[in-house]
Amino acid sequence: MPALTVGFDLDMTLVDSRPGIAATFRALTARTGVPVDADLAVSRLGPPLRTELAHWFPPAQLESAVHEYRELYPAYAITPTVPMPGAREAIEAIRARGGRVLVVTAKMGRLARLHLDHLGLAVDELAGDLFAEQKATALREHDATHYVGDHVADMVAAAAAGVPGIGVATGPCSRAELGAAGAEVVLGELTEFPAALDGMIQLALEQ
Ligand SMILES: [Mg+2]
């Protein structure tokens, strides 16, 4: 059995970044005059920023909106963001079993790093600016054995990398949606992760 290496999505899997991201969208609206429904935007986190901003900004303004959002992000998004229930314990459970922890996220790596450092979440590797099948490249590169995420696209990434996807229904996707997208296990929240991990390890040993 390969060494345990667990990848995690960031937004709505390890951290609840909704208040910080909503504040950043509001600051972007204040700066550009272009209305963004921040509450709607944070109800569907997961896809790349560019996808969300394309709902609000005309194509000619899209790239500058992406740039401005990222400029505003460190000042608005980091301090309001909190760990998801069970996030610290999930990371500790992997380390206690001799495993490594990866974060593979659609967010820019340098912005994801600000969250991890602010919250004191220590991970071994961080790969950013990746979505859906692109995440599989990072999972393979770092020899991930599992991928944990809250979005159906995260389950697609796990399948593309050939590793079990662990869905956690703390984001925009329901348990049923995560299951239908190929999750091997679906958790209500990360507090259930250590027991689920032991179950999966046990199952793999028996196979
Ligand atoms: Mg997510």
# chains A, B, ... in the order shown; residues from 1 in each chain; ligands from 1

$ residues_around --residues "stretch 179-186 of chain A" --least-positions-apart "2" --cutoff "9 Å" --atoms "only C-alpha atoms" --output "list in words"
Val152, Ala153, Asp154, Met155, Val156, Ala158, Ala159, Pro164, Gly165, Ile166, Gly167, Val168, Ala169, Ser174, Arg175, Ala176, Glu177, Gly188, Glu189, Ala196 and Met200 of chain A

$ residues_around --residues "stretch 67-76 of chain A" --least-positions-apart "4" --cutoff "12 Å" --atoms "only C-alpha atoms" --output "VMD selection string"
chain A and resid 17 to 32 36 49 to 50 52 to 53 61 to 63 80 to 81 107 to 115 118

$ residues_near_ligand --ligand "ligand 1" --cutoff "9 Å" --atoms "only C-alpha atoms and all ligand atoms" --output "PDB file with N, CA, C and O atoms, in the first residue's frame"
ATOM      1  N   PHE A   8      -6.479  17.970  -0.161  1.00  0.00           N
ATOM      2  CA  PHE A   8      -7.709  18.678   0.218  1.00  0.00           C
ATOM      3  C   PHE A   8      -7.933  19.860  -0.711  1.00  0.00           C
ATOM      4  O   PHE A   8      -6.991  20.592  -1.044  1.00  0.00           O
ATOM      5  N   ASP A   9      -9.190  20.070  -1.068  1.00  0.00           N
ATOM      6  CA  ASP A   9      -9.612  21.348  -1.624  1.00  0.00           C
ATOM      7  C   ASP A   9      -9.542  22.374  -0.477  1.00  0.00           C
ATOM      8  O   ASP A   9      -9.466  21.991   0.695  1.00  0.00           O
ATOM      9  N   LEU A  10      -9.562  23.667  -0.803  1.00  0.00           N
ATOM     10  CA  LEU A  10      -9.465  24.681   0.261  1.00  0.00           C
ATOM     11  C   LEU A  10     -10.827  25.283   0.638  1.00  0.00           C
ATOM     12  O   LEU A  10     -11.344  25.009   1.727  1.00  0.00           O
ATOM     13  N   ASP A  11     -11.411  26.086  -0.270  1.00  0.00           N
ATOM     14  CA  ASP A  11     -12.646  26.817   0.061  1.00  0.00           C
ATOM     15  C   ASP A  11     -13.804  25.868   0.341  1.00  0.00           C
ATOM     16  O   ASP A  11     -14.136  25.022  -0.495  1.00  0.00           O
ATOM     17  N   MET A  12     -14.415  26.002   1.494  1.00  0.00           N
ATOM     18  CA  MET A  12     -15.582  25.235   1.930  1.00  0.00           C
ATOM     19  C   MET A  12     -15.273  23.762   2.227  1.00  0.00           C
ATOM     20  O   MET A  12     -16.155  22.994   2.560  1.00  0.00           O
ATOM     21  N   THR A  13     -13.994  23.383   2.103  1.00  0.00           N
ATOM     22  CA  THR A  13     -13.573  22.053   2.540  1.00  0.00           C
ATOM     23  C   THR A  13     -12.741  22.229   3.814  1.00  0.00           C
ATOM     24  O   THR A  13     -13.137  21.765   4.880  1.00  0.00           O
ATOM     25  N   LEU A  14     -11.608  22.934   3.710  1.00  0.00           N
ATOM     26  CA  LEU A  14     -10.770  23.179   4.890  1.00  0.00           C
ATOM     27  C   LEU A  14     -11.115  24.495   5.574  1.00  0.00           C
ATOM     28  O   LEU A  14     -10.934  24.627   6.778  1.00  0.00           O
ATOM     29  N   VAL A  15     -11.539  25.489   4.782  1.00  0.00           N
ATOM     30  CA  VAL A  15     -11.840  26.798   5.380  1.00  0.00           C
ATOM     31  C   VAL A  15     -13.185  27.324   4.912  1.00  0.00           C
ATOM     32  O   VAL A  15     -13.602  27.085   3.781  1.00  0.00           O
ATOM     33  N   ARG A  44     -21.847  29.627  -4.251  1.00  0.00           N
ATOM     34  CA  ARG A  44     -21.475  28.651  -5.297  1.00  0.00           C
ATOM     35  C   ARG A  44     -19.963  28.620  -5.503  1.00  0.00           C
ATOM     36  O   ARG A  44     -19.489  28.521  -6.633  1.00  0.00           O
ATOM     37  N   LEU A  45     -19.190  28.674  -4.415  1.00  0.00           N
ATOM     38  CA  LEU A  45     -17.725  28.641  -4.504  1.00  0.00           C
ATOM     39  C   LEU A  45     -17.239  27.288  -5.002  1.00  0.00           C
ATOM     40  O   LEU A  45     -17.826  26.260  -4.694  1.00  0.00           O
ATOM     41  N   GLY A  46     -16.145  27.324  -5.731  1.00  0.00           N
ATOM     42  CA  GLY A  46     -15.541  26.096  -6.256  1.00  0.00           C
ATOM     43  C   GLY A  46     -14.906  26.343  -7.613  1.00  0.00           C
ATOM     44  O   GLY A  46     -13.717  26.158  -7.781  1.00  0.00           O
ATOM     45  N   PRO A  47     -15.714  26.766  -8.589  1.00  0.00           N
ATOM     46  CA  PRO A  47     -15.144  27.071  -9.904  1.00  0.00           C
ATOM     47  C   PRO A  47     -14.162  28.237  -9.847  1.00  0.00           C
ATOM     48  O   PRO A  47     -14.154  29.016  -8.885  1.00  0.00           O
ATOM     49  N   THR A 105      -6.099  23.527  -4.981  1.00  0.00           N
ATOM     50  CA  THR A 105      -7.206  24.488  -4.992  1.00  0.00           C
ATOM     51  C   THR A 105      -7.256  25.288  -6.293  1.00  0.00           C
ATOM     52  O   THR A 105      -6.226  25.456  -6.964  1.00  0.00           O
ATOM     53  N   ALA A 106      -8.471  25.799  -6.595  1.00  0.00           N
ATOM     54  CA  ALA A 106      -8.627  26.699  -7.750  1.00  0.00           C
ATOM     55  C   ALA A 106      -8.055  28.088  -7.446  1.00  0.00           C
ATOM     56  O   ALA A 106      -7.769  28.858  -8.357  1.00  0.00           O
ATOM     57  N   GLY A 149     -12.956  16.917  -1.054  1.00  0.00           N
ATOM     58  CA  GLY A 149     -13.472  18.189  -1.551  1.00  0.00           C
ATOM     59  C   GLY A 149     -14.973  18.302  -1.386  1.00  0.00           C
ATOM     60  O   GLY A 149     -15.665  17.312  -1.139  1.00  0.00           O
ATOM     61  N   ASP A 150     -15.459  19.551  -1.510  1.00  0.00           N
ATOM     62  CA  ASP A 150     -16.889  19.814  -1.297  1.00  0.00           C
ATOM     63  C   ASP A 150     -17.659  19.984  -2.600  1.00  0.00           C
ATOM     64  O   ASP A 150     -18.867  20.178  -2.572  1.00  0.00           O
ATOM     65  N   HIS A 151     -16.959  19.948  -3.734  1.00  0.00           N
ATOM     66  CA  HIS A 151     -17.605  20.249  -5.024  1.00  0.00           C
ATOM     67  C   HIS A 151     -17.582  19.009  -5.924  1.00  0.00           C
ATOM     68  O   HIS A 151     -16.636  18.218  -5.855  1.00  0.00           O
ATOM     69  N   ALA A 153     -16.841  18.907  -8.890  1.00  0.00           N
ATOM     70  CA  ALA A 153     -15.623  18.964  -9.711  1.00  0.00           C
ATOM     71  C   ALA A 153     -14.430  18.358  -8.969  1.00  0.00           C
ATOM     72  O   ALA A 153     -13.482  17.866  -9.603  1.00  0.00           O
ATOM     73  N   ASP A 154     -14.460  18.387  -7.634  1.00  0.00           N
ATOM     74  CA  ASP A 154     -13.385  17.753  -6.851  1.00  0.00           C
ATOM     75  C   ASP A 154     -13.451  16.234  -6.978  1.00  0.00           C
ATOM     76  O   ASP A 154     -12.420  15.550  -6.984  1.00  0.00           O
ATOM     77  N   THR A 170     -20.197  20.371   2.906  1.00  0.00           N
ATOM     78  CA  THR A 170     -20.183  21.655   3.603  1.00  0.00           C
ATOM     79  C   THR A 170     -20.141  22.823   2.619  1.00  0.00           C
ATOM     80  O   THR A 170     -20.021  23.971   3.033  1.00  0.00           O
ATOM     81  N   GLY A 171     -20.208  22.531   1.334  1.00  0.00           N
ATOM     82  CA  GLY A 171     -20.186  23.586   0.322  1.00  0.00           C
ATOM     83  C   GLY A 171     -21.481  23.591  -0.470  1.00  0.00           C
ATOM     84  O   GLY A 171     -22.544  23.260   0.066  1.00  0.00           O
ATOM     85  N   PRO A 172     -21.397  23.964  -1.753  1.00  0.00           N
ATOM     86  CA  PRO A 172     -22.611  24.119  -2.555  1.00  0.00           C
ATOM     87  C   PRO A 172     -23.247  22.801  -3.005  1.00  0.00           C
ATOM     88  O   PRO A 172     -24.370  22.831  -3.498  1.00  0.00           O
TER      89      PRO A 172
END

$ residues_around --residues "A:Arg95" --least-positions-apart "5" --cutoff "10 Å" --atoms "only C-alpha atoms" --output "VMD selection string"
chain A and resid 4 to 6 89 to 90 100 to 101 123

$ atom_distance --atom1 "atom CA of A:Ala132" --atom2 "atom CA of A:Val42"
18.4 Å

$ residues_around --residues "A:Gly7" --least-positions-apart "4" --cutoff "7 Å" --atoms "only C-alpha atoms" --output "list in words"
Val101, Leu102, Val103, Val104, Leu139, Ala144, His146, Tyr147 and Val148 of chain A

$ atom_distance --atom1 "atom CA of A:Asp16" --atom2 "atom CA of A:Thr79"
11.3 Å

$ closest_residue --among "A:Leu178, A:Val163, A:Gly120, A:Ala65" --to "A:Pro83" --atoms "only C-alpha atoms"
A:Gly120
